[in-house]
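Novice: Just passing along the structure, written as structure tokens.
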Amino acid sequence: MTLPPYEPASDEVELFEHAWRNRLPVLIKGPTGVGKTRFVTHMAARLDLPLFSVACHDDLTAADLVGRHLVQGGQTVWQDGPLTRAVREGGICYLDEVVEARKDVTVVIHPLADHRRTLPLERTGELLAAPPEFMLVVSYNPGYQNFLKGLKPSTRQRFVALRFGFPDEAREIRILQRETGCDALLARRLVALGNAIRRLDGVDLEEVASTRLLVYAALLIRSGLPVLTACRAALIEALSDDAEVTAGLEELVRTVLGE
Amino acid sequence: METWAGALWDRWVRHLAEAHHPQAEIRLESLRRPLSVFFRGVGGEAGRRFAVAERRIHEGRRTWRERLAGTGRLAELPHLTADELRLPAAIAHFSKRTLNRDLYFWLALLAAHFVPNGEPWWLANQRATAVALARYPAWQERYDRLVAASLALRPLPHQLPPAEAAVEDAIRAALRAPGSVRTFPVPPRPPRPVMLWLMPHEADAAPARRRSPSTAKEGSSSSATPPIQTEATEDPGSQHGMLLAFRAESLLCWAEYVRVDRSLEDAEGDEAGRAAAQLERLTLAEDSASVASRVRMDLERPSAAGADERLGEGILLPEWDYRRGQYRPDHCRIDLPRDEAMPAPLPGHLRPLTQRLRAELERICSERRPQPGQPEGDALDLDDWVRRHAELRSGCPVSAQPRYIDTPRTARDLSCLLLADVSLSTDAHADDAHRVIDVIRDALLVFTEAIEAAGDALAVAAFSSLGHAHVRYHRLKDFGERNGPAVRGRILTLRPGDYTRLGAAIRHAADRLAATASRQKLLLVLTDGKPHDIDHYDGRYGIEDTRRALFECRRRGIRPFCVAIDREAADVLPYLFGHNGHVVVQRLGELAARLPRLYAELTRP
């Protein structure tokens, strides 16, 4: 299997390996598009484990994770959910944006995330014990937090936590070049633009430009679109709906990247 | 006939004189928000506001046409003050709209890199230009276009007397190659304003020239109690500093520019003394402006003598001093006047609106959401039924009891505190018939009536202040108090007070909100302007304190939201309340109807 590229920020790769070896679940927090999912994919390939990713949403119930009975041609069949499969096969189960899921999800997570490492399947009457290879990884974005949706302390405290932030300049330039094959000058300027936009965090913008958006912009520019068109589509319009804010952002693009 | 001809002549000659292109005019108003986004993005201070530069008389040389028409003596010169960037209300110098627009953005870019460190204006502008262009080379082309267009509007050196021609030559060279002019001839009269530069401002010239003691901290005494060595030097403001002629070099040096406003930091007398004691060497510079500036400051704050008086009994609150980066404990005192007023009915002109809004709010706030899997309900939960059916057939022991989808009234658990600003500025007229305070009063009355229909806990308060020891917090309606004639009476007798110490009022309101047991807490702030009070509480200080108070709110789980009734305040609001935390009501007459609807929108389940 080829290893999906990942540019480490510090010692997170080592930390993840240690957590896996010690059978500890991991919580990754950080804004959108800074490489949380990429990191988990990379680590799964590196440790040679199957990966089961679930993007959580507000209608996701415990049954969606654990599994359910289905009717197939007059027969009812039990279908494992991604969490159950990860436990049975000994892989990594990655719950992306876990705070979005319904509250009953915590019920199935808790016994898996502490020393018990078990998954009770209420409907089939099984009690699965997780093999040593199994690992639970959850992520969430603290920026979105409102008072209704937050991670409960009892859930948080079962995990080893990693914080992901925007990459520093040199690292982000390397990431852009590797992901898009763009030249160093364009990468440097796009990163400068990203950092200029990040200064607007919380004041003019709710969310600021992620590395992913910079990668999108670089890809569009590389494939031949004019700089301003590419940035408008990949960055500006993705970040704000307010016409006055986008006018200001457009001037930033012209200032950093030129016409 | 004479007056008619005179008017005609006047119009013609003015038209001739003004190098204006009204068809290409760009107004600051239309660019305020984009400019502030841009300014913050290129590294400008987030707390700085954009304001219109006042018209000032300049003594620069005018063209013969201007002299003939008697115009050109007044100009709105762009400049920086302690916490504002002041720009002309409109720019129409050039015939192309894009050039006029570019000039605004150029001035914002320049201001973001401008360091008022006491250098003469012609040097500081060159330095800021060189740094900005080195940092954003993509601007070079646009800058060159602006220089070319603006030079075309300047007097030609060979048409000027020799002394003025030398000055003009220097300006032209400095514009074309920023950083190249290191000596500047003494101008016999002020040169014509340079539209691409930020001009010196008399009021700020004084503090800007006061150099901080920290600029002179070389010296290497290592004894345990170093004696203070004093040394008289020339005023550093007249030195050339360290401008680098090569742009490549200035690229390396921008990291040194740390915008620290030392001239404000030593505002308190004892602070400066303490700082001086910690320095190994103290450099003294002659500063002719300090006495004048101190006198001016004293005039502006009549209660300054009592600024540090010990506050006695009462509710004491801290205040955030951004210059020191710490709180001043117990700095503000909240007065809680309870003006007992005559109970009053709802004024007749508000009744139809109130009734309409009550019905509207009742509908919106009790909006229901379907909840599946209930033991009782309006419809069969089909998903659940299929699942159970499947499980039953697979031999699972499940109860065959069907489940339903219910749409119950969602139980709201919300407290809201409406905090209205009744400073003296609300005494102004909103339109011909009404003052701002009347509009606020009506809005408060309608709001209290309408929110009652939503069934949420509501408190209403108004505030004004006169210095840090007198922040008046009028409780118009407390949590748990029934809305009725007594509450209406208090609202109706509300009078405009003095100033707006927003931070203290928000802190006290937050304390009251935090004491309620509700799960969701909303603090609505209704204001007509920016933080302002007599004792230093204005500009950056007031803004930073308010921002801090709002930050504290969010940490305590209180959601602040601002309803502003003044467009002028619009550019500080994103900095204080965040992009999605405020709204500006354009037409005051709509406030009473707008407020309850906004509330419904904010608290929609």
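A note on labels: chains of the structure tokens are A, B, ... as shown, every chain counts residues from 1, and ligands are counted from 1 in their shown order.
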Return as an MDAnalysis selection string the full set of residues in segment 30-248 of chain A whose backbone-based DSSP assignment is strand (DSSP E).
Specialist: chainID A and resid 51:55 67:72 75:80 92:96 118:121 126:129 135:140 160:163
Novice: Considering only C-alpha atoms, extract the chain B residues located within 7 Å of chain A and return them as a list in words.
Specialist: Arg33, Pro34, Leu35, Val37, Phe38, Arg40, Gly41, Val42, Tyr136, Ala138, Trp139, Arg387, Ala390, Glu391, Arg393, Ser394, Cys396, Gly557, Pro574, Tyr575, Gly578 and His579 of chain B
Novice: Within 12 Å of Val107 of chain A, counting only C-alpha atoms, which residues show up once you throw out same-chain ones fewer than 4 positions away? Write them as a list in words, please.
Specialist: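 The neighbour list is Thr61, Ala62, Ala63, Leu65, Val66, Ala101, Arg102, Lys103, Pro111, Leu112, Ala113, Thr118, Leu119, Pro120, Leu121, Glu122, Ser154 and Thr155 of chain A.
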Novice: For atom CA of Ile173 of chain A and atom CA of Glu237 of chain A, quote the distance in Å rounded to one decimal.
Specialist: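 Straight-line distance from atom CA of Ile173 of chain A to atom CA of Glu237 of chain A works out to 22.7 Å.
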Novice: Write out as a list in words each polymer residue whose atoms come within 8 Å of Ala111 of chain B, counting only C-alpha atoms; drop sequence neighbours fewer than 4 positions from it.
Specialist: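 Listed by chain and then number, they are Gly44, Leu80, Leu85, Leu107, Ala128 and Leu198 of chain B.
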